[in-house]
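Visitor: This is the structure I have questions about; it appears just below.
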Amino acid sequence: MKKLLNLLIVFLAFTVSVFAQDETTQWSTSIEKHSNDEYTITYKVKIDEGWHLYSQHLPEGGPLPTVFNYTNVEKDFTLIGKTEEGEPHREFDKVFEMITPFFSDSAEFTQRIKLLNKEVKTVITTVEFQTCDDEACTFEPGLELITALDGSAVAIQPEKINEQSLTLSGQLKLNLKNKEKYLKTTSENQESNSLWKIFVLGFLGGLIALLTPCVFPMIPLTVSFFTKQSGEKSSGKSKAFLYGFFIIFIYLLLSIPFHLMDSLDPEILNSISTNVWLNVAFFVIFMFFAFSFFGFYELTLPSSWGDKMDSASNVGGIIGTFFMALTLAIVSFSCTGPILGSLLVGSLTADGGAIQLSAGMVGFGVALALPFTLFALFPSWLNTLPKSGGWLNTVKVVLGFLEVALALKFLSNADLVEHWGLLKREIFLGLWIVIFAGLALYLFGKIKFPHDSPIKKLSIGRLSLAIITTVFVAYLGYGLSGKGNLKLLSGFPPPHFYSIFETESDCALGLNCYKDFDEGLAYAKENNLPIILDFTGWACVNCRKMEENVWSDSEVYDELQKYVLISLYVDDKAELPEKEQFDFKKENGQVKHIKTIGSKWATFQAINFAAASQPYYVLLNADLRLLNHPEKYTDKTTYLNWLKEGISNFKK
């Protein structure tokens, strides 16, 4: 009994934590003793709001995983099993085109060990990890965590730095001119209002739904009901407004369940949308929608639903008007369902989740409600509407082709994550060419579907759309040839590196660049040129976005060529030559062992610019005079003006 009591006291004592931190995380360790030679070390990390830490287990070609390295393993102790971690969130990464597991707010890792040397008092662990937020990433090449086996606080003794380390540490420090002027102010990325964007997309979807055979013929029928209401004229108009409001309200209600899921787990919508097999399921669903639009079968809700709602609408008053709106939603489902499905999936894959879904649904409802309300207020406008006819079915078939194209995007997502190699960039573009060529042939009247009416003469609208589609097919062919980068389709085709051909590039976009600061500085001095320091990373998401969407712009590209580009990769794990490795003493007394290229440049960025995130851009001349404030992840216009300002200040 006494032995058990002593063991319990030891267990309680061993929960004392040892703390360490970097710029975005705070780490602590605790120890639990199981026997005289077996222990479990627990590593807890608190992650700053808005940032996330990647899992240990990531697919190849993606961001950097968290890695635990143990000093004196197999000499002082052995590892029992692997370092375990909690269940991470999983989200589809648009840049790396794969699902990446990560932790938000906090995470916990555990490692069981067995002692080989009974004299061991502490276990030293070095953890390497990457953290990212919406705009930047940081890389920690080696945070040292020391855990005492007796659970006591660890007194960290200051390490002695040799002369070589002092010299190399000193060389990292730049004597920047006018540092106080420009490093106090940094420009922030101006985020676009994504809610308005998806509202507009939902509104456009609603307008398209209006042009389908399930909705368009109902406009004059419904409007005539309100205009023929008995009693005062204002009563019919007020009911028309109420009818429009209820249409919007009903579509908003469809998004409410997703808010409930979002409140239970903020990542659940991303988890739903980024699962590989769900992407395959979306592909199947979209193909199912497409063949419905082609007219091979109809998607309808049970007819009894519509009958009951129609009966309820005869009640009159507010309740009757509500059920009239609900009847419209039900009987038009065969046409609006696939469009709503597209909006649903598109919103779930966006970062805003349920909020964006609601914005899209409201936009969809507003577009549907608007004509019913306006025509009720101004009945004479009904005479301007085109007559119902075969053109309504043409709209459905065109939507069917678009659904097939979108379906391929979801199959492509799954293919990229699993590396099946089914839809390489060239194959994807080739299939899109076939799809839109088929659409063009249909619009020219060369292909027919079950419910198509005979075509006596092509209308101007149909002919114009056929020509536009043909031009789009030519545009796709231009991109397939490798001559064009298809900027209009950014994010839809697989990335350039996912190709049937071998691709290799030493610098972004084929620009001339230096990977070493001293070499780039020497070239700038020799040729009297300004410098752009590009703090980047191989696994930096927003670095790739800047290169693909901003640097690729012709004006920005031309301005970049006026600078000496020095790209410093802070996550490069290649080891420095032994004579260039050194120890760097931080301000808090901790010593950082600089052994890799990435560790060197990450330290270089931190001590000179007090920054640890990427992308991070600095303009300076060869005399180390800053030309303006550093810039982060931003838009094309801001970045272009920033580059031009740097050139102007350089000439002065």
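Chain identifiers are assigned as A, B, and so on, following the order in which chains appear in the structure tokens; residues are numbered from 1 within each chain, and ligands are numbered from 1 in order of appearance.
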Could you give me, as a list of chain:residue names, the residues within 9 Å of Phe241 (chain A), counting only C-alpha atoms and dropping anything in the same chain fewer than 6 positions from it?

Guide: A:Ala369, A:Phe372, A:Thr373, A:Leu374, A:Ala376, A:Leu377

Visitor: Which residues of region 57-82 of chain A sit at most 9 Å from region 113-136 of chain A, using only C-alpha atoms? Give each one's shortest atom pair and distance in Å (one decimal place), in chain and ascending residue order, as JSON lines.

Guide:
```
{"residue": "A:Pro63", "atom": "CA", "partner": "A:Gln130", "partner_atom": "CA", "distance": 7.9}
{"residue": "A:Leu64", "atom": "CA", "partner": "A:Gln130", "partner_atom": "CA", "distance": 6.0}
{"residue": "A:Pro65", "atom": "CA", "partner": "A:Phe129", "partner_atom": "CA", "distance": 6.2}
{"residue": "A:Thr66", "atom": "CA", "partner": "A:Phe129", "partner_atom": "CA", "distance": 4.3}
{"residue": "A:Val67", "atom": "CA", "partner": "A:Glu128", "partner_atom": "CA", "distance": 5.1}
{"residue": "A:Phe68", "atom": "CA", "partner": "A:Val127", "partner_atom": "CA", "distance": 4.6}
{"residue": "A:Asn69", "atom": "CA", "partner": "A:Thr126", "partner_atom": "CA", "distance": 5.1}
{"residue": "A:Tyr70", "atom": "CA", "partner": "A:Thr125", "partner_atom": "CA", "distance": 4.7}
{"residue": "A:Thr71", "atom": "CA", "partner": "A:Ile124", "partner_atom": "CA", "distance": 5.6}
{"residue": "A:Asn72", "atom": "CA", "partner": "A:Ile124", "partner_atom": "CA", "distance": 8.3}
{"residue": "A:Glu74", "atom": "CA", "partner": "A:Leu116", "partner_atom": "CA", "distance": 7.7}
{"residue": "A:Lys75", "atom": "CA", "partner": "A:Leu116", "partner_atom": "CA", "distance": 6.8}
{"residue": "A:Asp76", "atom": "CA", "partner": "A:Asn117", "partner_atom": "CA", "distance": 4.8}
{"residue": "A:Phe77", "atom": "CA", "partner": "A:Leu115", "partner_atom": "CA", "distance": 4.1}
{"residue": "A:Thr78", "atom": "CA", "partner": "A:Lys114", "partner_atom": "CA", "distance": 5.3}
{"residue": "A:Leu79", "atom": "CA", "partner": "A:Ile113", "partner_atom": "CA", "distance": 4.6}
{"residue": "A:Ile80", "atom": "CA", "partner": "A:Ile113", "partner_atom": "CA", "distance": 5.3}
{"residue": "A:Gly81", "atom": "CA", "partner": "A:Ile113", "partner_atom": "CA", "distance": 8.4}
```

Visitor: Produce a file of the selected residues containing N, CA and C atoms, as a compact mmCIF listing (two decimals), in the first residue's frame.

Guide:
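This is the output file result-v8.txt:
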```
# COMPACT_ATOMS: atom_id res chain seq x y z
N PRO A 63 2.98 20.49 -47.68
CA PRO A 63 3.70 21.30 -46.70
C PRO A 63 4.56 20.43 -45.79
N LEU A 64 5.27 21.07 -44.87
CA LEU A 64 6.21 20.34 -44.02
C LEU A 64 5.51 19.76 -42.79
N PRO A 65 5.77 18.50 -42.48
CA PRO A 65 5.15 17.87 -41.31
C PRO A 65 5.88 18.26 -40.03
N THR A 66 5.25 18.00 -38.90
CA THR A 66 5.90 18.15 -37.60
C THR A 66 6.78 16.93 -37.37
N VAL A 67 8.03 17.16 -36.95
CA VAL A 67 8.99 16.06 -36.78
C VAL A 67 9.63 16.17 -35.39
N PHE A 68 9.65 15.05 -34.65
CA PHE A 68 10.30 14.99 -33.34
C PHE A 68 11.62 14.22 -33.47
N ASN A 69 12.71 14.85 -33.06
CA ASN A 69 14.02 14.22 -33.05
C ASN A 69 14.51 14.11 -31.61
N TYR A 70 15.00 12.93 -31.24
CA TYR A 70 15.38 12.66 -29.85
C TYR A 70 16.89 12.50 -29.74
N THR A 71 17.51 13.28 -28.83
CA THR A 71 18.94 13.22 -28.61
C THR A 71 19.31 11.97 -27.80
N ASN A 72 20.40 11.32 -28.21
CA ASN A 72 20.93 10.13 -27.53
C ASN A 72 19.99 8.94 -27.53
N GLU A 74 18.71 5.36 -28.50
CA GLU A 74 19.45 4.10 -28.66
C GLU A 74 20.75 4.08 -27.86
N LYS A 75 21.08 5.18 -27.20
CA LYS A 75 22.25 5.21 -26.32
C LYS A 75 21.79 5.30 -24.86
N ASP A 76 20.95 6.28 -24.59
CA ASP A 76 20.43 6.45 -23.22
C ASP A 76 19.04 5.83 -23.06
N PHE A 77 18.29 5.74 -24.15
CA PHE A 77 16.94 5.18 -24.07
C PHE A 77 16.50 4.74 -25.46
N THR A 78 15.44 3.94 -25.51
CA THR A 78 14.85 3.54 -26.79
C THR A 78 13.41 4.05 -26.84
N LEU A 79 12.91 4.20 -28.05
CA LEU A 79 11.54 4.64 -28.25
C LEU A 79 10.64 3.42 -28.35
N ILE A 80 9.55 3.43 -27.60
CA ILE A 80 8.56 2.35 -27.68
C ILE A 80 7.44 2.82 -28.59
N GLY A 81 7.44 2.32 -29.80
CA GLY A 81 6.47 2.78 -30.78
C GLY A 81 6.84 4.15 -31.33
```

Visitor: Which residues, written as a ChimeraX atom specification, have at least one atom at most 10 Å from region 43-53 of chain A, with only C-alpha atoms counted and residues fewer than 4 positions away on the same chain left out?

Guide: /A:17-21,23-31,64-66,83,85,88-89,101-111,125,129-138,145,147

Visitor: For the residues in that selection, give me N, CA and C atoms as a short mmCIF file (atom, residue, chain, number, x, y, z; two decimals), in the first residue's frame.

Guide:
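The resulting out.cif:
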```
data_model
loop_
_atom_site.label_atom_id
_atom_site.label_comp_id
_atom_site.auth_asym_id
_atom_site.auth_seq_id
_atom_site.Cartn_x
_atom_site.Cartn_y
_atom_site.Cartn_z
N SER A 17 5.35 20.95 -15.87
CA SER A 17 5.63 21.16 -17.28
C SER A 17 6.84 22.05 -17.49
N VAL A 18 7.52 21.81 -18.59
CA VAL A 18 8.64 22.65 -19.01
C VAL A 18 8.19 23.38 -20.27
N PHE A 19 8.38 24.70 -20.30
CA PHE A 19 7.83 25.50 -21.38
C PHE A 19 8.90 25.96 -22.35
N ALA A 20 8.49 26.07 -23.62
CA ALA A 20 9.32 26.68 -24.67
C ALA A 20 8.37 27.26 -25.70
N GLN A 21 8.82 28.23 -26.49
CA GLN A 21 7.91 28.81 -27.47
C GLN A 21 8.67 29.36 -28.66
N GLU A 23 7.41 31.91 -32.38
CA GLU A 23 6.58 33.09 -32.61
C GLU A 23 5.08 32.80 -32.62
N THR A 24 4.66 31.57 -32.95
CA THR A 24 3.23 31.29 -33.10
C THR A 24 2.73 30.16 -32.20
N THR A 25 3.62 29.53 -31.46
CA THR A 25 3.22 28.39 -30.61
C THR A 25 3.90 28.48 -29.25
N GLN A 26 3.29 27.85 -28.26
CA GLN A 26 3.88 27.73 -26.92
C GLN A 26 3.84 26.25 -26.55
N TRP A 27 5.00 25.66 -26.31
CA TRP A 27 5.13 24.23 -26.05
C TRP A 27 5.37 23.96 -24.57
N SER A 28 4.86 22.87 -24.08
CA SER A 28 5.15 22.41 -22.72
C SER A 28 5.25 20.89 -22.74
N THR A 29 6.03 20.36 -21.79
CA THR A 29 6.17 18.91 -21.69
C THR A 29 5.86 18.45 -20.27
N SER A 30 5.42 17.23 -20.16
CA SER A 30 5.22 16.61 -18.84
C SER A 30 5.62 15.14 -18.96
N ILE A 31 5.86 14.51 -17.81
CA ILE A 31 6.37 13.13 -17.80
C ILE A 31 5.49 12.27 -16.89
N LEU A 64 5.27 21.07 -44.87
CA LEU A 64 6.21 20.34 -44.02
C LEU A 64 5.51 19.76 -42.79
N PRO A 65 5.77 18.50 -42.48
CA PRO A 65 5.15 17.87 -41.31
C PRO A 65 5.88 18.26 -40.03
N THR A 66 5.25 18.00 -38.90
CA THR A 66 5.90 18.15 -37.60
C THR A 66 6.78 16.93 -37.37
N THR A 83 5.89 8.38 -32.12
CA THR A 83 5.26 9.52 -31.45
C THR A 83 3.81 9.63 -31.92
N GLU A 85 -0.18 11.22 -31.93
CA GLU A 85 -0.79 12.55 -31.92
C GLU A 85 -2.30 12.42 -31.87
N PRO A 88 -6.21 15.10 -36.11
CA PRO A 88 -6.13 16.45 -36.70
C PRO A 88 -7.36 16.77 -37.55
N HIS A 89 -7.53 18.06 -37.85
CA HIS A 89 -8.51 18.48 -38.85
C HIS A 89 -7.93 18.16 -40.22
N PRO A 101 -3.67 17.33 -43.18
CA PRO A 101 -4.14 17.29 -41.80
C PRO A 101 -3.36 18.29 -40.93
N PHE A 102 -4.06 19.04 -40.07
CA PHE A 102 -3.40 20.04 -39.24
C PHE A 102 -4.18 20.23 -37.94
N PHE A 103 -3.55 20.95 -37.00
CA PHE A 103 -4.16 21.24 -35.70
C PHE A 103 -4.37 22.74 -35.55
N SER A 104 -5.49 23.13 -34.94
CA SER A 104 -5.77 24.52 -34.61
C SER A 104 -5.94 24.63 -33.10
N ASP A 105 -5.61 25.79 -32.55
CA ASP A 105 -5.77 26.10 -31.12
C ASP A 105 -4.81 25.33 -30.23
N SER A 106 -4.82 23.99 -30.31
CA SER A 106 -3.93 23.20 -29.46
C SER A 106 -3.73 21.82 -30.05
N ALA A 107 -2.69 21.16 -29.58
CA ALA A 107 -2.41 19.78 -30.02
C ALA A 107 -1.64 19.07 -28.92
N GLU A 108 -1.65 17.75 -28.99
CA GLU A 108 -0.95 16.95 -27.98
C GLU A 108 -0.29 15.76 -28.66
N PHE A 109 0.98 15.53 -28.30
CA PHE A 109 1.76 14.41 -28.84
C PHE A 109 2.33 13.62 -27.65
N THR A 110 2.43 12.32 -27.78
CA THR A 110 2.98 11.50 -26.70
C THR A 110 4.01 10.51 -27.26
N GLN A 111 5.04 10.23 -26.45
CA GLN A 111 6.06 9.26 -26.82
C GLN A 111 6.45 8.44 -25.59
N THR A 125 14.50 16.81 -26.66
CA THR A 125 13.77 16.60 -27.91
C THR A 125 13.85 17.87 -28.75
N PHE A 129 8.82 22.10 -37.16
CA PHE A 129 7.42 22.21 -37.57
C PHE A 129 7.19 23.47 -38.39
N GLN A 130 6.05 23.47 -39.07
CA GLN A 130 5.62 24.63 -39.85
C GLN A 130 4.25 25.05 -39.37
N THR A 131 4.05 26.36 -39.22
CA THR A 131 2.73 26.89 -38.89
C THR A 131 2.32 27.88 -39.97
N CYS A 132 1.02 27.93 -40.26
CA CYS A 132 0.51 28.83 -41.30
C CYS A 132 -0.79 29.47 -40.84
N ASP A 133 -1.02 30.70 -41.33
CA ASP A 133 -2.34 31.29 -41.21
C ASP A 133 -2.83 31.59 -42.62
N ASP A 134 -3.83 32.46 -42.78
CA ASP A 134 -4.42 32.72 -44.09
C ASP A 134 -3.48 33.49 -45.01
N GLU A 135 -2.44 34.14 -44.45
CA GLU A 135 -1.60 35.00 -45.26
C GLU A 135 -0.14 34.58 -45.30
N ALA A 136 0.32 33.81 -44.32
CA ALA A 136 1.75 33.55 -44.25
C ALA A 136 2.03 32.22 -43.55
N CYS A 137 3.29 31.80 -43.62
CA CYS A 137 3.74 30.59 -42.95
C CYS A 137 5.04 30.87 -42.22
N THR A 138 5.30 30.15 -41.14
CA THR A 138 6.57 30.22 -40.45
C THR A 138 7.13 28.79 -40.36
N LEU A 145 13.23 21.06 -26.63
CA LEU A 145 12.40 20.82 -25.46
C LEU A 145 13.15 19.87 -24.52
N THR A 147 13.03 17.71 -20.96
CA THR A 147 12.11 17.15 -19.98
C THR A 147 12.90 16.40 -18.91
#
```

Visitor: Which residue out of A:Lys644, A:His34, A:Lys173, A:Lys197 has the minimum interatomic distance to Gly360 (chain A) when only C-alpha atoms are used?

Guide: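 Closest residue, counting only C-alpha atoms: A:Lys197.
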
Visitor: What's around Ile607 (chain A) at 12 Å? Count only C-alpha atoms, leave out sequence neighbours fewer than 2 positions away in its own chain, and write the answer as a list in words.

Guide: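 Here the answer would be Ser169, Gly170, Gln171, Leu172, Lys173, Leu174, Asn175, Leu176, Phe584, Lys585, Lys586, Glu587, Lys600, Trp601, Ala602, Thr603, Phe604, Gln605, Phe609, Ala610, Ala611 and Ala612 of chain A.
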
Visitor: Return as a list in words the full set of residues in region 575-635 of chain A whose backbone-based DSSP assignment is strand (DSSP E).

Guide: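 The residues of region 575-635 of chain A classed as strand (DSSP E) are Phe582, Asp583, Phe584, Lys585, Val591, Lys592, His593, Ile594, Tyr616, Tyr617, Val618, Leu619 and Leu620 of chain A.
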
Visitor: Might you pull out every residue within 12 Å of region 470-485 of chain A, with only C-alpha atoms counted and same-chain residues fewer than 5 positions away left off, and present them as a ChimeraX atom specification?

Guide: /A:424-444,463-465,490-496,499-501,503,509,548-549,552-553

Visitor: With only C-alpha atoms as the atoms that count, which of A:Asn393, A:Gln356, A:Ser412, A:Thr321 lies nearest to Asp452 (chain A)?

Guide: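 Closest candidate: A:Asn393.
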
Visitor: Find, counting only C-alpha atoms, the residue in A:Leu149, A:Leu252, A:Val362, A:Ala524 that gets nearest to Ile198 (chain A).

Guide: A:Val362

Visitor: Choose the residue, out of A:Arg112, A:Lys396, A:Lys579, A:Lys573, that has the smallest atom-to-atom separation from Glu38 (chain A); count only C-alpha atoms.

Guide: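 The closest residue to Glu38 (chain A) is A:Arg112.
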
Visitor: Name all residues at most 9 Å from Gly598 (chain A) (count only C-alpha atoms; drop same-chain ones fewer than 5 positions away) and give them as a PyMOL selection string.

Guide: chain A and resi 139+141+537+568-575+603

Visitor: Can you work out the spacing between CA of Ala359 (chain A) and CA of Val550 (chain A) in Å, to one decimal?

Guide: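 Interatomic distance, CA of Ala359 (chain A) to CA of Val550 (chain A): 28.1 Å.
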
Visitor: For the atom pair CA of Ile256 (chain A) and CA of Phe199 (chain A), what is the interatomic distance in Å to one decimal place?

Guide: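 Distance reported for this atom pair: 16.2 Å.
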